[in-house]
$ cat data_31.cif   # mmCIF, C-alpha atoms and all ligand atoms
data_final
#
loop_
_atom_site.label_atom_id
_atom_site.label_comp_id
_atom_site.auth_asym_id
_atom_site.auth_seq_id
_atom_site.Cartn_x
_atom_site.Cartn_y
_atom_site.Cartn_z
CA MET A 1 -21.55 -15.68 49.25
CA LYS A 2 -20.29 -17.98 46.52
CA PRO A 3 -19.27 -16.45 43.16
CA TYR A 4 -21.70 -16.94 40.28
CA VAL A 5 -20.65 -18.83 37.17
CA PHE A 6 -22.67 -19.11 33.98
CA ILE A 7 -22.06 -21.99 31.53
CA THR A 8 -23.30 -21.31 28.01
CA ARG A 9 -24.18 -24.91 27.10
CA LYS A 10 -25.27 -28.10 28.84
CA MET A 11 -22.17 -29.89 30.13
CA PRO A 12 -21.84 -33.31 31.79
CA ASP A 13 -22.67 -32.79 35.45
CA HIS A 14 -20.04 -35.24 36.74
CA LEU A 15 -17.28 -33.02 35.31
CA LEU A 16 -18.54 -29.98 37.19
CA SER A 17 -18.57 -31.24 40.78
CA GLU A 18 -15.52 -29.21 41.82
CA LEU A 19 -17.07 -26.09 40.35
CA TYR A 20 -20.32 -26.69 42.25
CA GLU A 21 -18.30 -26.72 45.48
CA VAL A 22 -16.83 -23.26 44.98
CA ALA A 23 -19.49 -21.45 42.97
CA GLU A 24 -23.16 -21.03 42.36
CA VAL A 25 -23.47 -22.44 38.85
CA LYS A 26 -26.13 -21.94 36.22
CA MET A 27 -26.07 -23.72 32.91
CA TRP A 28 -27.90 -23.01 29.65
CA GLU A 29 -29.83 -26.28 29.56
CA HIS A 30 -29.49 -27.10 25.85
CA GLU A 31 -26.86 -29.24 24.23
CA ASP A 32 -27.44 -28.14 20.65
CA ILE A 33 -28.85 -24.64 20.90
CA PRO A 34 -26.52 -21.72 21.61
CA VAL A 35 -27.49 -19.34 24.36
CA PRO A 36 -29.42 -16.37 22.90
CA PHE A 37 -27.76 -12.97 22.98
CA ASP A 38 -30.17 -11.41 25.47
CA VAL A 39 -29.98 -14.36 27.89
CA LEU A 40 -26.20 -14.21 27.91
CA GLN A 41 -26.28 -10.46 28.37
CA GLU A 42 -28.62 -10.80 31.33
CA GLU A 43 -26.45 -13.52 32.91
CA LEU A 44 -23.36 -11.40 32.51
CA GLU A 45 -24.87 -8.60 34.55
CA ARG A 46 -24.42 -10.92 37.50
CA ALA A 47 -21.70 -13.42 36.60
CA ASN A 48 -18.22 -13.56 38.11
CA GLY A 49 -17.18 -16.35 35.78
CA LEU A 50 -18.21 -17.40 32.29
CA PHE A 51 -17.69 -20.84 30.73
CA SER A 52 -17.93 -20.17 26.97
CA LEU A 53 -17.64 -22.03 23.67
CA VAL A 54 -16.19 -21.10 20.27
CA SER A 55 -19.73 -20.59 19.05
CA ASP A 56 -20.42 -17.83 21.60
CA PRO A 57 -19.40 -14.42 20.35
CA ILE A 58 -18.30 -12.49 23.44
CA HIS A 59 -18.07 -8.95 22.17
CA SER A 60 -18.29 -5.42 23.46
CA GLU A 61 -22.06 -5.44 24.03
CA HIS A 62 -21.59 -8.32 26.46
CA LEU A 63 -18.46 -7.08 28.13
CA GLU A 64 -19.75 -3.56 28.64
CA SER A 65 -22.59 -4.94 30.73
CA ALA A 66 -20.56 -7.41 32.80
CA PRO A 67 -19.53 -5.40 35.84
CA HIS A 68 -18.54 -8.36 38.05
CA LEU A 69 -16.90 -10.63 35.49
CA LYS A 70 -13.43 -11.83 36.45
CA VAL A 71 -12.87 -14.72 34.07
CA ILE A 72 -14.00 -15.92 30.65
CA ALA A 73 -12.89 -19.51 30.20
CA ASN A 74 -13.29 -20.62 26.60
CA MET A 75 -13.56 -24.35 26.04
CA ALA A 76 -11.26 -24.22 23.00
CA VAL A 77 -7.69 -23.46 22.14
CA GLY A 78 -8.85 -20.68 19.79
CA TYR A 79 -10.31 -17.52 21.29
CA ASP A 80 -11.16 -15.39 18.25
CA ASN A 81 -14.80 -15.37 19.44
CA ILE A 82 -13.80 -13.12 22.34
CA ASP A 83 -12.86 -9.46 22.31
CA VAL A 84 -9.67 -10.06 24.29
CA GLN A 85 -8.52 -6.47 24.06
CA LEU A 86 -11.66 -5.16 25.70
CA ALA A 87 -11.69 -7.97 28.26
CA THR A 88 -8.10 -7.09 29.20
CA LYS A 89 -9.01 -3.42 29.50
CA LYS A 90 -11.73 -4.43 31.92
CA GLY A 91 -9.34 -6.64 33.90
CA ILE A 92 -11.05 -9.89 32.85
CA MET A 93 -8.85 -12.96 32.48
CA VAL A 94 -9.40 -14.85 29.22
CA CYS A 95 -8.55 -18.54 29.51
CA HIS A 96 -8.46 -21.35 26.95
CA THR A 97 -7.61 -25.05 26.59
CA PRO A 98 -4.36 -25.63 24.69
CA ASP A 99 -2.37 -28.90 24.79
CA VAL A 100 -5.20 -31.24 25.80
CA LEU A 101 -6.57 -31.22 22.25
CA THR A 102 -3.35 -31.14 20.24
CA ASP A 103 -3.10 -34.79 19.19
CA THR A 104 -6.83 -35.22 18.71
CA THR A 105 -7.02 -32.21 16.40
CA ALA A 106 -3.91 -33.33 14.52
CA ASP A 107 -5.48 -36.78 14.04
CA LEU A 108 -8.61 -35.21 12.56
CA THR A 109 -6.60 -32.85 10.35
CA PHE A 110 -4.65 -35.75 8.94
CA ALA A 111 -7.79 -37.86 8.58
CA LEU A 112 -9.38 -35.03 6.59
CA LEU A 113 -6.30 -34.87 4.36
CA LEU A 114 -6.47 -38.64 3.78
CA ALA A 115 -10.23 -38.60 3.23
CA THR A 116 -9.99 -35.80 0.66
CA ALA A 117 -7.00 -37.22 -1.22
CA ARG A 118 -8.36 -40.77 -1.32
CA ARG A 119 -12.00 -39.71 -1.84
CA ILE A 120 -13.21 -41.77 1.09
CA PRO A 121 -16.62 -40.06 1.69
CA GLU A 122 -17.36 -40.31 -2.04
CA ALA A 123 -16.34 -43.98 -2.04
CA ALA A 124 -18.58 -44.71 0.95
CA ARG A 125 -21.49 -42.93 -0.79
CA TYR A 126 -20.79 -44.99 -3.91
CA ILE A 127 -21.62 -48.16 -2.04
CA SER A 128 -24.53 -46.76 -0.03
CA ASN A 129 -26.04 -45.42 -3.29
CA ASP A 130 -25.67 -48.95 -4.69
CA GLU A 131 -23.52 -47.76 -7.60
CA TRP A 132 -20.79 -50.44 -7.33
CA LYS A 133 -21.37 -52.76 -10.25
CA GLN A 134 -17.83 -53.99 -10.90
CA TRP A 135 -14.19 -53.37 -10.09
CA SER A 136 -12.50 -51.10 -12.62
CA PRO A 137 -8.93 -49.80 -12.90
CA TYR A 138 -9.49 -46.12 -12.18
CA LEU A 139 -12.61 -46.39 -10.08
CA LEU A 140 -12.46 -43.61 -7.46
CA ALA A 141 -8.73 -43.20 -8.03
CA GLY A 142 -7.38 -40.51 -5.74
CA MET A 143 -4.00 -38.95 -5.02
CA ASP A 144 -1.04 -40.38 -3.16
CA ILE A 145 -0.09 -38.92 0.18
CA HIS A 146 3.20 -40.68 0.89
CA HIS A 147 6.33 -38.97 -0.44
CA LYS A 148 4.34 -35.88 -1.39
CA THR A 149 4.94 -32.37 -0.01
CA ILE A 150 2.82 -31.04 2.81
CA GLY A 151 2.90 -27.31 3.56
CA ILE A 152 1.76 -26.40 7.06
CA VAL A 153 0.65 -22.81 7.58
CA GLY A 154 0.81 -22.16 11.32
CA MET A 155 3.39 -24.31 13.05
CA GLY A 156 1.98 -24.17 16.56
CA ARG A 157 1.42 -27.21 18.73
CA ILE A 158 -1.17 -28.70 16.35
CA GLY A 159 0.95 -27.87 13.30
CA GLU A 160 3.88 -29.74 14.82
CA ALA A 161 1.66 -32.71 15.68
CA VAL A 162 0.43 -32.81 12.07
CA ALA A 163 4.05 -32.66 10.87
CA LYS A 164 4.83 -35.66 13.08
CA ARG A 165 2.07 -37.62 11.38
CA ALA A 166 3.28 -36.46 7.95
CA LYS A 167 6.78 -37.72 8.78
CA GLY A 168 5.27 -41.16 9.37
CA PHE A 169 3.92 -41.00 5.82
CA ASP A 170 7.39 -40.12 4.45
CA MET A 171 6.17 -36.71 3.37
CA ASN A 172 8.39 -33.78 2.59
CA ILE A 173 7.41 -31.15 5.18
CA LEU A 174 7.37 -27.38 4.57
CA TYR A 175 6.06 -24.86 7.03
CA TYR A 176 5.32 -21.18 7.30
CA ASN A 177 4.98 -19.51 10.67
CA ARG A 178 5.45 -16.13 12.32
CA SER A 179 8.61 -17.46 13.96
CA ARG A 180 10.97 -20.27 13.02
CA LYS A 181 10.72 -23.55 14.91
CA GLU A 182 14.25 -24.86 14.89
CA GLU A 183 13.45 -27.83 17.09
CA ALA A 184 10.72 -28.94 14.70
CA GLU A 185 13.11 -28.49 11.83
CA GLN A 186 15.62 -30.82 13.48
CA GLN A 187 13.21 -33.38 14.89
CA LEU A 188 10.75 -33.58 12.02
CA GLY A 189 12.91 -32.56 9.10
CA ALA A 190 10.55 -29.66 8.42
CA THR A 191 11.78 -26.83 6.18
CA TYR A 192 10.86 -23.21 6.84
CA CYS A 193 9.84 -21.21 3.79
CA SER A 194 7.89 -18.11 2.80
CA PHE A 195 4.11 -18.28 2.44
CA VAL A 196 4.35 -18.02 -1.35
CA GLU A 197 7.07 -20.68 -1.62
CA LEU A 198 4.94 -23.00 0.50
CA LEU A 199 1.89 -22.43 -1.71
CA GLN A 200 3.88 -23.02 -4.88
CA GLN A 201 5.61 -26.19 -3.74
CA SER A 202 3.03 -28.06 -1.66
CA ASP A 203 0.79 -30.89 -2.80
CA TYR A 204 -1.19 -30.44 0.43
CA VAL A 205 -1.60 -26.98 1.92
CA VAL A 206 -2.80 -27.31 5.51
CA CYS A 207 -4.13 -24.27 7.35
CA LEU A 208 -3.64 -24.37 11.11
CA ALA A 209 -2.91 -20.73 11.89
CA PRO A 210 -5.08 -18.83 14.39
CA LEU A 211 -7.58 -16.25 13.16
CA THR A 212 -6.32 -12.75 13.85
CA SER A 213 -6.61 -9.41 12.07
CA GLU A 214 -3.40 -10.33 10.18
CA THR A 215 -4.53 -13.80 9.07
CA LYS A 216 -8.11 -12.89 8.11
CA GLU A 217 -8.70 -14.08 4.51
CA LEU A 218 -5.03 -14.99 4.15
CA PHE A 219 -6.18 -17.55 1.60
CA ASP A 220 -7.59 -15.28 -1.09
CA GLU A 221 -7.63 -15.38 -4.92
CA GLN A 222 -3.92 -14.71 -5.09
CA ALA A 223 -3.05 -17.45 -2.61
CA PHE A 224 -5.06 -20.06 -4.52
CA GLN A 225 -3.50 -18.87 -7.80
CA GLU A 226 -0.06 -19.58 -6.35
CA MET A 227 -0.96 -23.20 -5.56
CA LYS A 228 -0.43 -26.15 -7.89
CA ASN A 229 -3.47 -27.14 -9.96
CA SER A 230 -3.14 -30.55 -8.30
CA ALA A 231 -3.04 -29.10 -4.77
CA ILE A 232 -5.43 -30.08 -2.01
CA PHE A 233 -6.27 -27.42 0.56
CA ILE A 234 -7.12 -28.47 4.12
CA ASN A 235 -8.52 -26.09 6.73
CA ALA A 236 -8.84 -27.24 10.35
CA SER A 237 -8.26 -23.85 11.96
CA ARG A 238 -10.90 -21.17 11.40
CA GLY A 239 -13.05 -20.41 8.39
CA GLY A 240 -12.17 -16.72 8.63
CA LEU A 241 -8.69 -17.41 7.26
CA VAL A 242 -10.25 -18.21 3.91
CA LYS A 243 -12.02 -15.98 1.44
CA GLU A 244 -14.65 -18.56 0.62
CA SER A 245 -15.72 -17.03 -2.72
CA ALA A 246 -12.08 -17.31 -3.86
CA LEU A 247 -11.85 -20.92 -2.70
CA GLN A 248 -15.09 -21.74 -4.49
CA GLU A 249 -13.80 -20.20 -7.72
CA ALA A 250 -10.46 -22.00 -7.37
CA LEU A 251 -12.24 -25.34 -6.95
CA GLU A 252 -14.72 -24.73 -9.75
CA LYS A 253 -12.12 -23.58 -12.27
CA GLY A 254 -9.55 -26.26 -11.45
CA ILE A 255 -7.08 -23.73 -10.05
CA ILE A 256 -6.69 -26.26 -7.23
CA HIS A 257 -7.77 -29.89 -7.13
CA GLY A 258 -9.77 -30.24 -3.94
CA ALA A 259 -10.40 -29.14 -0.38
CA GLY A 260 -11.07 -30.71 2.99
CA LEU A 261 -12.81 -28.28 5.33
CA ASP A 262 -13.60 -28.64 9.01
CA VAL A 263 -14.34 -24.95 9.49
CA PHE A 264 -16.30 -22.23 7.70
CA ALA A 265 -16.55 -18.46 7.79
CA GLU A 266 -20.07 -18.61 9.26
CA GLU A 267 -21.00 -21.71 11.22
CA PRO A 268 -23.07 -23.79 11.12
CA ILE A 269 -23.41 -24.07 7.35
CA ARG A 270 -26.32 -25.70 5.54
CA ALA A 271 -26.22 -28.44 2.91
CA ASN A 272 -26.87 -25.84 0.21
CA HIS A 273 -23.65 -23.92 1.03
CA PRO A 274 -21.81 -23.44 -2.31
CA LEU A 275 -18.66 -25.20 -1.05
CA VAL A 276 -20.60 -28.25 0.12
CA GLN A 277 -22.22 -28.51 -3.30
CA LEU A 278 -18.85 -29.06 -4.99
CA PRO A 279 -17.82 -32.65 -5.79
CA ASN A 280 -14.18 -31.99 -4.90
CA VAL A 281 -14.88 -30.83 -1.33
CA VAL A 282 -15.02 -32.91 1.83
CA ALA A 283 -16.89 -30.83 4.41
CA ILE A 284 -17.21 -31.76 8.08
CA PRO A 285 -18.80 -29.80 10.96
CA HIS A 286 -15.94 -28.31 13.07
CA ILE A 287 -15.06 -31.56 14.85
CA GLY A 288 -11.28 -31.13 15.15
CA SER A 289 -11.13 -31.87 18.86
CA ALA A 290 -14.30 -33.94 19.05
CA THR A 291 -13.46 -37.16 20.86
CA VAL A 292 -15.08 -38.00 24.18
CA GLU A 293 -11.69 -38.16 25.91
CA THR A 294 -10.57 -34.79 24.62
CA ARG A 295 -13.87 -32.99 25.11
CA ASP A 296 -13.89 -34.27 28.73
CA ALA A 297 -10.35 -32.98 29.17
CA MET A 298 -11.36 -29.60 27.72
CA VAL A 299 -14.32 -29.32 30.10
CA LYS A 300 -12.10 -30.19 33.07
CA MET A 301 -9.47 -27.67 32.05
CA THR A 302 -12.09 -24.95 31.58
CA VAL A 303 -13.49 -25.70 35.04
CA GLN A 304 -10.00 -25.53 36.56
CA ASN A 305 -9.29 -22.25 34.82
CA ILE A 306 -12.44 -20.72 36.31
CA ILE A 307 -11.83 -22.07 39.81
CA ARG A 308 -8.26 -20.86 39.88
CA VAL A 309 -9.06 -17.34 38.74
CA LEU A 310 -11.96 -17.07 41.19
CA LYS A 311 -9.62 -18.18 43.98
CA GLY A 312 -7.04 -15.59 42.93
CA GLU A 313 -4.67 -18.25 41.63
CA ARG A 314 -2.88 -18.50 38.29
CA PRO A 315 -5.06 -20.32 35.70
CA LEU A 316 -3.76 -23.31 33.75
CA ALA A 317 -3.79 -21.31 30.51
CA ALA A 318 -4.75 -17.73 29.81
CA VAL A 319 -4.10 -15.52 26.82
CA ASN A 320 -3.78 -12.18 28.61
CA LEU A 321 -1.77 -13.09 31.73
CA LYS A 322 1.10 -10.79 30.81
CA GLU A 323 -1.17 -7.88 29.91
CA LEU A 324 -2.95 -8.26 33.23
CA GLY A 325 0.39 -8.34 35.04
CA VAL A 326 -0.09 -11.86 36.44
C1 LIG B 1 -10.62 -25.03 19.26
O1 LIG B 1 -10.31 -25.59 20.30
O2 LIG B 1 -10.27 -23.89 18.99
C2 LIG B 1 -11.50 -25.80 18.34
O3 LIG B 1 -11.66 -25.20 17.13
C3 LIG B 1 -12.82 -26.08 19.00
O4 LIG B 1 -12.89 -27.43 19.16
#
$ encode --input "data_31.cif" --output "structure tokens"
Amino acid sequence: MKPYVFITRKMPDHLLSELYEVAEVKMWEHEDIPVPFDVLQEELERANGLFSLVSDPIHSEHLESAPHLKVIANMAVGYDNIDVQLATKKGIMVCHTPDVLTDTTADLTFALLLATARRIPEAARYISNDEWKQWSPYLLAGMDIHHKTIGIVGMGRIGEAVAKRAKGFDMNILYYNRSRKEEAEQQLGATYCSFVELLQQSDYVVCLAPLTSETKELFDEQAFQEMKNSAIFINASRGGLVKESALQEALEKGIIHGAGLDVFAEEPIRANHPLVQLPNVVAIPHIGSATVETRDAMVKMTVQNIIRVLKGERPLAAVNLKELGV
């Protein structure tokens, strides 16, 4: 009998052919609607493999009633939506998709920085609202990016790829990370500093750290107070790293200048979200890795991760390999 794999969202069929060969596959047939809690729970009573997304919380209620589950393959580099500790305790491999999305996510992060600093969405709205009557000297004047200081919080693969882009813009690069990255320091001219030093010195503070119990609400009132009044804050990691009420206050009171946000504490957000209402915020809907090429690569990697674990092989990328003794 073939193993049973449940996919929590409609995926392109042509990318699943290898999976169909080795497993009985069922897919939640909606592209835009997440699988309801009870449907997922029911599927997990039977499933040997789960193909999940960042928007699927896979917590204890699910894992406690998943007696046959061997692998959860998240189609994302981040895996904060999964209770990894419990999965590990139950011997379930938790896989993810690093590397394939690094450059795409770095491109978007830098685009968000550029868009926020140079007020591009506002400028586009200016024309579509038919407000452009004449050229004027300070019309939609933004902030320079070149030769300014960027502070990258979380110098993982994506952080390094953002630093590479910043180097091309002649930026001064600071970073804060759990461990020092000497290679990045040499190759990119990045300077390691403390979190507070980074906040105090950066014109652009870019959050790319993963969400963990240590980084939750790392950007709180105090963090925004440390930043320059002219600073722009960019978040392309997870909304949970930011205390949103503190960010809102910082933006409203001019404690910082602006923010570009790809992620939010609770997603999706609505147009009436207080941060979206602010004129100095550029808000986009968690599209860091959203190019067709990269999303295809993420689907393929997720499929490979599932197949390999089901065959008893080492997956391409898993977060609890060591803990499971693989
Ligand atoms: C990730 O991979 O973690 C992204 O946030 C989802 O695209």
$ closest_atom_pairs --input "data_31.cif" --of "chain A" --to "ligand LIG 1 (chain B)" --cutoff "8 Å" --atoms "only C-alpha atoms and all ligand atoms" --output "tab-separated table"
residue	atom	partner	partner_atom	distance
A:Leu53	CA	B:LIG1	C3	7.8
A:Val54	CA	B:LIG1	C3	6.1
A:Met75	CA	B:LIG1	O1	6.7
A:Ala76	CA	B:LIG1	O1	3.2
A:Val77	CA	B:LIG1	O1	3.8
A:Gly78	CA	B:LIG1	O2	3.6
A:Tyr79	CA	B:LIG1	O2	6.8
A:Thr97	CA	B:LIG1	O1	6.9
A:Pro98	CA	B:LIG1	O1	7.4
A:Leu101	CA	B:LIG1	O1	7.0
A:Ala236	CA	B:LIG1	O3	7.6
A:Ser237	CA	B:LIG1	O3	6.3
A:Arg238	CA	B:LIG1	O3	7.0
A:His286	CA	B:LIG1	O3	6.7
A:Ile287	CA	B:LIG1	O4	6.4
A:Gly288	CA	B:LIG1	O4	5.7
A:Ser289	CA	B:LIG1	O4	4.8
A:Ala290	CA	B:LIG1	O4	6.7
$ residues_near_point --input "data_31.cif" --point "(-16.6, -33.5, 6.2)" --cutoff "12 Å" --atoms "all atoms listed in the file" --output "PDB file with C-alpha atoms, keeping the file's coordinate frame"
ATOM      1  CA  LEU A 108      -8.610 -35.210  12.560  1.00  0.00           C
ATOM      2  CA  THR A 109      -6.600 -32.850  10.350  1.00  0.00           C
ATOM      3  CA  ALA A 111      -7.790 -37.860   8.580  1.00  0.00           C
ATOM      4  CA  LEU A 112      -9.380 -35.030   6.590  1.00  0.00           C
ATOM      5  CA  LEU A 113      -6.300 -34.870   4.360  1.00  0.00           C
ATOM      6  CA  LEU A 114      -6.470 -38.640   3.780  1.00  0.00           C
ATOM      7  CA  ALA A 115     -10.230 -38.600   3.230  1.00  0.00           C
ATOM      8  CA  THR A 116      -9.990 -35.800   0.660  1.00  0.00           C
ATOM      9  CA  ARG A 119     -12.000 -39.710  -1.840  1.00  0.00           C
ATOM     10  CA  ILE A 120     -13.210 -41.770   1.090  1.00  0.00           C
ATOM     11  CA  PRO A 121     -16.620 -40.060   1.690  1.00  0.00           C
ATOM     12  CA  GLU A 122     -17.360 -40.310  -2.040  1.00  0.00           C
ATOM     13  CA  ILE A 234      -7.120 -28.470   4.120  1.00  0.00           C
ATOM     14  CA  ASN A 235      -8.520 -26.090   6.730  1.00  0.00           C
ATOM     15  CA  ALA A 236      -8.840 -27.240  10.350  1.00  0.00           C
ATOM     16  CA  ALA A 259     -10.400 -29.140  -0.380  1.00  0.00           C
ATOM     17  CA  GLY A 260     -11.070 -30.710   2.990  1.00  0.00           C
ATOM     18  CA  LEU A 261     -12.810 -28.280   5.330  1.00  0.00           C
ATOM     19  CA  ASP A 262     -13.600 -28.640   9.010  1.00  0.00           C
ATOM     20  CA  VAL A 263     -14.340 -24.950   9.490  1.00  0.00           C
ATOM     21  CA  PHE A 264     -16.300 -22.230   7.700  1.00  0.00           C
ATOM     22  CA  ILE A 269     -23.410 -24.070   7.350  1.00  0.00           C
ATOM     23  CA  ALA A 271     -26.220 -28.440   2.910  1.00  0.00           C
ATOM     24  CA  LEU A 275     -18.660 -25.200  -1.050  1.00  0.00           C
ATOM     25  CA  VAL A 276     -20.600 -28.250   0.120  1.00  0.00           C
ATOM     26  CA  ASN A 280     -14.180 -31.990  -4.900  1.00  0.00           C
ATOM     27  CA  VAL A 281     -14.880 -30.830  -1.330  1.00  0.00           C
ATOM     28  CA  VAL A 282     -15.020 -32.910   1.830  1.00  0.00           C
ATOM     29  CA  ALA A 283     -16.890 -30.830   4.410  1.00  0.00           C
ATOM     30  CA  ILE A 284     -17.210 -31.760   8.080  1.00  0.00           C
ATOM     31  CA  PRO A 285     -18.800 -29.800  10.960  1.00  0.00           C
ATOM     32  CA  HIS A 286     -15.940 -28.310  13.070  1.00  0.00           C
ATOM     33  CA  ILE A 287     -15.060 -31.560  14.850  1.00  0.00           C
ATOM     34  CA  GLY A 288     -11.280 -31.130  15.150  1.00  0.00           C
TER      35      GLY A 288
END
$ residues_near_point --input "data_31.cif" --point "(-14.6, -6.6, 26.5)" --cutoff "10 Å" --atoms "all atoms listed in the file" --output "list in words"
Ile58, His59, Ser60, Glu61, His62, Leu63, Glu64, Ser65, Ala66, Ile82, Asp83, Val84, Gln85, Leu86, Ala87, Thr88, Lys89, Lys90, Gly91 and Ile92 of chain A
$ write_last_selection --input "data_31.cif" --atoms "C-alpha atoms" --output "PDB file, in the coordinates of the input"
ATOM      1  CA  ILE A  58     -18.300 -12.490  23.440  1.00  0.00           C
ATOM      2  CA  HIS A  59     -18.070  -8.950  22.170  1.00  0.00           C
ATOM      3  CA  SER A  60     -18.290  -5.420  23.460  1.00  0.00           C
ATOM      4  CA  GLU A  61     -22.060  -5.440  24.030  1.00  0.00           C
ATOM      5  CA  HIS A  62     -21.590  -8.320  26.460  1.00  0.00           C
ATOM      6  CA  LEU A  63     -18.460  -7.080  28.130  1.00  0.00           C
ATOM      7  CA  GLU A  64     -19.750  -3.560  28.640  1.00  0.00           C
ATOM      8  CA  SER A  65     -22.590  -4.940  30.730  1.00  0.00           C
ATOM      9  CA  ALA A  66     -20.560  -7.410  32.800  1.00  0.00           C
ATOM     10  CA  ILE A  82     -13.800 -13.120  22.340  1.00  0.00           C
ATOM     11  CA  ASP A  83     -12.860  -9.460  22.310  1.00  0.00           C
ATOM     12  CA  VAL A  84      -9.670 -10.060  24.290  1.00  0.00           C
ATOM     13  CA  GLN A  85      -8.520  -6.470  24.060  1.00  0.00           C
ATOM     14  CA  LEU A  86     -11.660  -5.160  25.700  1.00  0.00           C
ATOM     15  CA  ALA A  87     -11.690  -7.970  28.260  1.00  0.00           C
ATOM     16  CA  THR A  88      -8.100  -7.090  29.200  1.00  0.00           C
ATOM     17  CA  LYS A  89      -9.010  -3.420  29.500  1.00  0.00           C
ATOM     18  CA  LYS A  90     -11.730  -4.430  31.920  1.00  0.00           C
ATOM     19  CA  GLY A  91      -9.340  -6.640  33.900  1.00  0.00           C
ATOM     20  CA  ILE A  92     -11.050  -9.890  32.850  1.00  0.00           C
TER      21      ILE A  92
END
$ atom_distance --input "data_31.cif" --atom1 "CA of Gly240 in chain A" --atom2 "CA of Glu266 in chain A"
8.1 Å
$ atom_distance --input "data_31.cif" --atom1 "CA of Glu249 in chain A" --atom2 "CA of Lys148 in chain A"
24.8 Å
$ atom_distance --input "data_31.cif" --atom1 "CA of Arg270 in chain A" --atom2 "CA of Ile152 in chain A"
28.1 Å
$ closest_residue --input "data_31.cif" --among "A:Val303, A:Gln222, A:Ala141, A:Gly168" --to "Glu21 in chain A" --atoms "all atoms listed in the file"
A:Val303
$ residues_around --input "data_31.cif" --residues "range 5-7 of chain A" --least-positions-apart "5" --cutoff "12 Å" --atoms "all atoms listed in the file" --output "ChimeraX atom specification"
/A:12-13,16,19-31,34-35,39-53,56,66,68-75,299,302-303,306-307,309-310
$ closest_residue --input "data_31.cif" --among "A:Thr291, A:Thr104, A:Gln248, A:Ser128" --to "Pro279 in chain A" --atoms "only C-alpha atoms"
A:Gln248
$ decode --input "data_31.cif" --residues "range 231-274 of chain A" --atoms "C-alpha atoms" --output "mmCIF file, in the first residue's frame"
data_model
loop_
_atom_site.group_PDB
_atom_site.id
_atom_site.type_symbol
_atom_site.label_atom_id
_atom_site.label_comp_id
_atom_site.auth_asym_id
_atom_site.auth_seq_id
_atom_site.Cartn_x
_atom_site.Cartn_y
_atom_site.Cartn_z
ATOM 1 C CA ALA A 231 15.370 55.674 10.220
ATOM 2 C CA ILE A 232 13.348 53.412 7.969
ATOM 3 C CA PHE A 233 12.421 50.005 9.346
ATOM 4 C CA ILE A 234 11.999 47.076 6.947
ATOM 5 C CA ASN A 235 10.554 43.712 7.964
ATOM 6 C CA ALA A 236 10.683 40.786 5.531
ATOM 7 C CA SER A 237 10.987 38.034 8.129
ATOM 8 C CA ARG A 238 8.019 37.455 10.429
ATOM 9 C CA GLY A 239 5.546 39.886 11.942
ATOM 10 C CA GLY A 240 6.005 38.303 15.361
ATOM 11 C CA LEU A 241 9.419 39.947 15.730
ATOM 12 C CA VAL A 242 7.687 43.297 16.006
ATOM 13 C CA LYS A 243 5.465 44.682 18.724
ATOM 14 C CA GLU A 244 3.091 46.325 16.289
ATOM 15 C CA SER A 245 1.579 48.799 18.773
ATOM 16 C CA ALA A 246 5.114 50.082 19.451
ATOM 17 C CA LEU A 247 5.864 50.382 15.741
ATOM 18 C CA GLN A 248 2.603 52.239 15.191
ATOM 19 C CA GLU A 249 3.432 54.687 17.973
ATOM 20 C CA ALA A 250 6.981 55.159 16.663
ATOM 21 C CA LEU A 251 5.639 55.963 13.190
ATOM 22 C CA GLU A 252 2.879 58.245 14.435
ATOM 23 C CA LYS A 253 5.108 60.225 16.791
ATOM 24 C CA GLY A 254 8.033 60.572 14.391
ATOM 25 C CA ILE A 255 10.295 58.404 16.536
ATOM 26 C CA ILE A 256 11.217 56.757 13.229
ATOM 27 C CA HIS A 257 10.582 58.002 9.708
ATOM 28 C CA GLY A 258 8.912 55.112 7.919
ATOM 29 C CA ALA A 259 8.455 51.383 7.536
ATOM 30 C CA GLY A 260 8.259 48.838 4.747
ATOM 31 C CA LEU A 261 6.452 45.694 5.876
ATOM 32 C CA ASP A 262 6.022 42.401 4.071
ATOM 33 C CA VAL A 263 4.894 40.532 7.180
ATOM 34 C CA PHE A 264 2.491 41.095 10.065
ATOM 35 C CA ALA A 265 1.802 39.582 13.465
ATOM 36 C CA GLU A 266 -1.540 38.162 12.292
ATOM 37 C CA GLU A 267 -1.934 37.484 8.585
ATOM 38 C CA PRO A 268 -3.740 38.292 6.420
ATOM 39 C CA ILE A 269 -4.366 41.877 7.513
ATOM 40 C CA ARG A 270 -7.200 44.070 6.272
ATOM 41 C CA ALA A 271 -7.003 47.543 4.744
ATOM 42 C CA ASN A 272 -8.178 49.039 8.036
ATOM 43 C CA HIS A 273 -5.150 47.664 9.950
ATOM 44 C CA PRO A 274 -3.666 50.636 11.878
#
